[in-house]
Amino acid sequence: MDKSRVFVSMWGFLLMCVAFSLTEAAATTTTHPAVHKPCNTQTSCELCLANVSCLWCQTNSSCSDYPVSYVIPPASVCALSQARWGVCWVNFEALIIAMAVVCGTLLLAVSVCCCCCCCKRRRSSSLDREEEQFARRREEIRQRSEERKAERKGKHDEIRKKYGKSRQSCASVINIHKRLVTSTHYDTFLHFREIVVS
């Protein structure tokens, strides 16, 4: 699966959760708040958990104030497997496990996205380095080629000087050769060639 699609879907899910919580909060603020009775007067789970500050204990079917000084209610109030908060059908233990799994999954997804982004950045910088090395090598090859060309030209010039033929005389011989080949004086051309060679 494409990494960008994973990242976009993760952000989409997060935005949906935020939008849902905002609409839920807006719905609760527009309705008139219900007057809640004290927690210890409630006799059923549904009535008890209608007030978010209450905790229902399944073992003794009692409703008590949520111990706000603790994040997780202590065993002296109620066992985690028997405590209910928010909804009656999920015990506190399962709620903690589910929240831990969701948070762990989100953290894992964020860390994978960060690793993918870092690897992509590292890969693109290594490609830039390789391209730079390739351009440097190409430039070196071009310079060596120019050096070899200049060296060959120098050797050819030395050979011409050694045998008494300058570059200009060679060019004039070639021009004369072209004119003679096109003319009908082929014998003259052969004679002239013998003179130039000797």
# chains A, B, ... in the order shown; residues from 1 in each chain; ligands from 1
call {"tool": "select_by_dssp", "arguments": {"residues": "stretch 9-161 of chain A", "states": "strand (DSSP E)", "output": "list in words"}}
result
Cys54, Leu55, Trp56, Cys57, Ser62, Cys63, Ser64, Asp65, Ala83 and Arg84 of chain A
call {"tool": "residues_around", "arguments": {"residues": "stretch 44-50 of chain A", "least_positions_apart": "2", "cutoff": "7 Å", "atoms": "only C-alpha atoms", "output": "list in words"}}
result
Cys39, Gln42, Val52, Cys54, Leu55, Trp56, Cys63, Trp85, Gly86, Val87 and Cys88 of chain A
call {"tool": "write_last_selection", "arguments": {"atoms": "N, CA and C atoms", "output": "PDB file, in the first residue's frame"}}
result
ATOM      1  N   CYS A  39     -24.742  10.261  43.276  1.00  0.00           N
ATOM      2  CA  CYS A  39     -24.417   8.923  42.778  1.00  0.00           C
ATOM      3  C   CYS A  39     -24.932   7.815  43.695  1.00  0.00           C
ATOM      4  N   GLN A  42     -28.547   6.200  43.158  1.00  0.00           N
ATOM      5  CA  GLN A  42     -28.908   5.487  41.929  1.00  0.00           C
ATOM      6  C   GLN A  42     -28.962   3.987  42.211  1.00  0.00           C
ATOM      7  N   VAL A  52     -21.596  11.348  34.472  1.00  0.00           N
ATOM      8  CA  VAL A  52     -20.227  10.922  34.189  1.00  0.00           C
ATOM      9  C   VAL A  52     -19.334  10.922  35.421  1.00  0.00           C
ATOM     10  N   CYS A  54     -20.076   9.386  38.105  1.00  0.00           N
ATOM     11  CA  CYS A  54     -20.419   8.196  38.887  1.00  0.00           C
ATOM     12  C   CYS A  54     -19.748   6.950  38.331  1.00  0.00           C
ATOM     13  N   LEU A  55     -19.548   5.992  39.199  1.00  0.00           N
ATOM     14  CA  LEU A  55     -18.936   4.696  38.856  1.00  0.00           C
ATOM     15  C   LEU A  55     -19.853   3.609  39.378  1.00  0.00           C
ATOM     16  N   TRP A  56     -20.196   2.644  38.536  1.00  0.00           N
ATOM     17  CA  TRP A  56     -21.073   1.539  38.928  1.00  0.00           C
ATOM     18  C   TRP A  56     -20.208   0.325  39.216  1.00  0.00           C
ATOM     19  N   CYS A  63     -23.697   2.324  43.229  1.00  0.00           N
ATOM     20  CA  CYS A  63     -23.213   3.474  42.460  1.00  0.00           C
ATOM     21  C   CYS A  63     -22.468   4.384  43.423  1.00  0.00           C
ATOM     22  N   TRP A  85     -17.971   2.336  33.762  1.00  0.00           N
ATOM     23  CA  TRP A  85     -17.957   3.798  33.670  1.00  0.00           C
ATOM     24  C   TRP A  85     -18.231   4.183  32.233  1.00  0.00           C
ATOM     25  N   GLY A  86     -19.111   5.100  32.011  1.00  0.00           N
ATOM     26  CA  GLY A  86     -19.469   5.521  30.655  1.00  0.00           C
ATOM     27  C   GLY A  86     -20.611   4.722  30.097  1.00  0.00           C
ATOM     28  N   VAL A  87     -20.423   3.401  29.945  1.00  0.00           N
ATOM     29  CA  VAL A  87     -21.468   2.495  29.445  1.00  0.00           C
ATOM     30  C   VAL A  87     -21.501   1.249  30.316  1.00  0.00           C
ATOM     31  N   CYS A  88     -22.653   0.639  30.403  1.00  0.00           N
ATOM     32  CA  CYS A  88     -22.808  -0.533  31.275  1.00  0.00           C
ATOM     33  C   CYS A  88     -22.243  -1.815  30.684  1.00  0.00           C
TER      34      CYS A  88
END
call {"tool": "closest_residue", "arguments": {"among": "A:Asn40, A:Glu158, A:Leu80, A:Glu146", "to": "A:Ser62", "atoms": "only C-alpha atoms"}}
result
A:Asn40
call {"tool": "residues_around", "arguments": {"residues": "A:Pro67", "least_positions_apart": "5", "cutoff": "10 Å", "atoms": "only C-alpha atoms", "output": "short mmCIF file (atom, residue, chain, number, x, y, z; two decimals) with all heavy atoms, in the first residue's frame"}}
result
data_model
loop_
_atom_site.label_atom_id
_atom_site.label_comp_id
_atom_site.auth_asym_id
_atom_site.auth_seq_id
_atom_site.Cartn_x
_atom_site.Cartn_y
_atom_site.Cartn_z
N SER A 53 -19.78 11.53 36.49
CA SER A 53 -18.97 11.54 37.71
C SER A 53 -19.25 10.33 38.60
O SER A 53 -18.72 10.22 39.69
CB SER A 53 -19.21 12.83 38.50
OG SER A 53 -20.55 12.90 38.92
N CYS A 54 -20.08 9.39 38.11
CA CYS A 54 -20.42 8.20 38.89
C CYS A 54 -19.75 6.95 38.33
O CYS A 54 -19.46 6.86 37.14
CB CYS A 54 -21.93 7.99 38.90
SG CYS A 54 -22.83 9.33 39.69
N LEU A 55 -19.55 5.99 39.20
CA LEU A 55 -18.94 4.70 38.86
C LEU A 55 -19.85 3.61 39.38
O LEU A 55 -20.25 3.61 40.55
CB LEU A 55 -17.55 4.60 39.52
CG LEU A 55 -16.79 3.29 39.36
CD1 LEU A 55 -16.26 3.18 37.94
CD2 LEU A 55 -15.65 3.22 40.34
N ILE A 72 -7.21 5.49 37.57
CA ILE A 72 -7.87 4.19 37.58
C ILE A 72 -8.42 3.98 39.00
O ILE A 72 -7.68 4.15 39.97
CB ILE A 72 -6.89 3.07 37.20
CG1 ILE A 72 -6.36 3.32 35.79
CG2 ILE A 72 -7.55 1.71 37.28
CD1 ILE A 72 -5.22 2.41 35.40
N PRO A 73 -9.69 3.62 39.12
CA PRO A 73 -10.23 3.45 40.48
C PRO A 73 -9.51 2.32 41.21
O PRO A 73 -9.23 1.26 40.64
CB PRO A 73 -11.70 3.11 40.24
CG PRO A 73 -11.82 2.76 38.81
CD PRO A 73 -10.67 3.36 38.10
N PRO A 74 -9.18 2.53 42.49
CA PRO A 74 -8.46 1.49 43.24
C PRO A 74 -9.36 0.30 43.54
O PRO A 74 -10.59 0.38 43.47
CB PRO A 74 -8.05 2.22 44.52
CG PRO A 74 -9.00 3.36 44.65
CD PRO A 74 -9.39 3.73 43.27
N VAL A 77 -12.35 0.51 46.01
CA VAL A 77 -13.65 1.02 45.55
C VAL A 77 -14.41 -0.08 44.82
O VAL A 77 -15.56 -0.36 45.13
CB VAL A 77 -13.46 2.26 44.65
CG1 VAL A 77 -14.77 2.71 44.06
CG2 VAL A 77 -12.80 3.38 45.41
#
call {"tool": "atom_distance", "arguments": {"atom1": "atom CA of A:Asp128", "atom2": "atom CA of A:Cys114"}}
result
21.2 Å
call {"tool": "atom_distance", "arguments": {"atom1": "atom CA of A:Asp65", "atom2": "atom CA of A:Val102"}}
result
27.1 Å
call {"tool": "closest_residue", "arguments": {"among": "A:Leu106, A:Ala94, A:Ile159, A:Cys117", "to": "A:Gln82", "atoms": "only C-alpha atoms"}}
result
A:Ala94
call {"tool": "select_by_dssp", "arguments": {"residues": "stretch 25-149 of chain A", "states": "alpha helix (DSSP H)", "output": "PyMOL selection string"}}
result
chain A and resi 25-30+45-49+92-149
call {"tool": "atom_distance", "arguments": {"atom1": "atom CA of A:Lys37", "atom2": "atom CA of A:Arg84"}}
result
18.0 Å
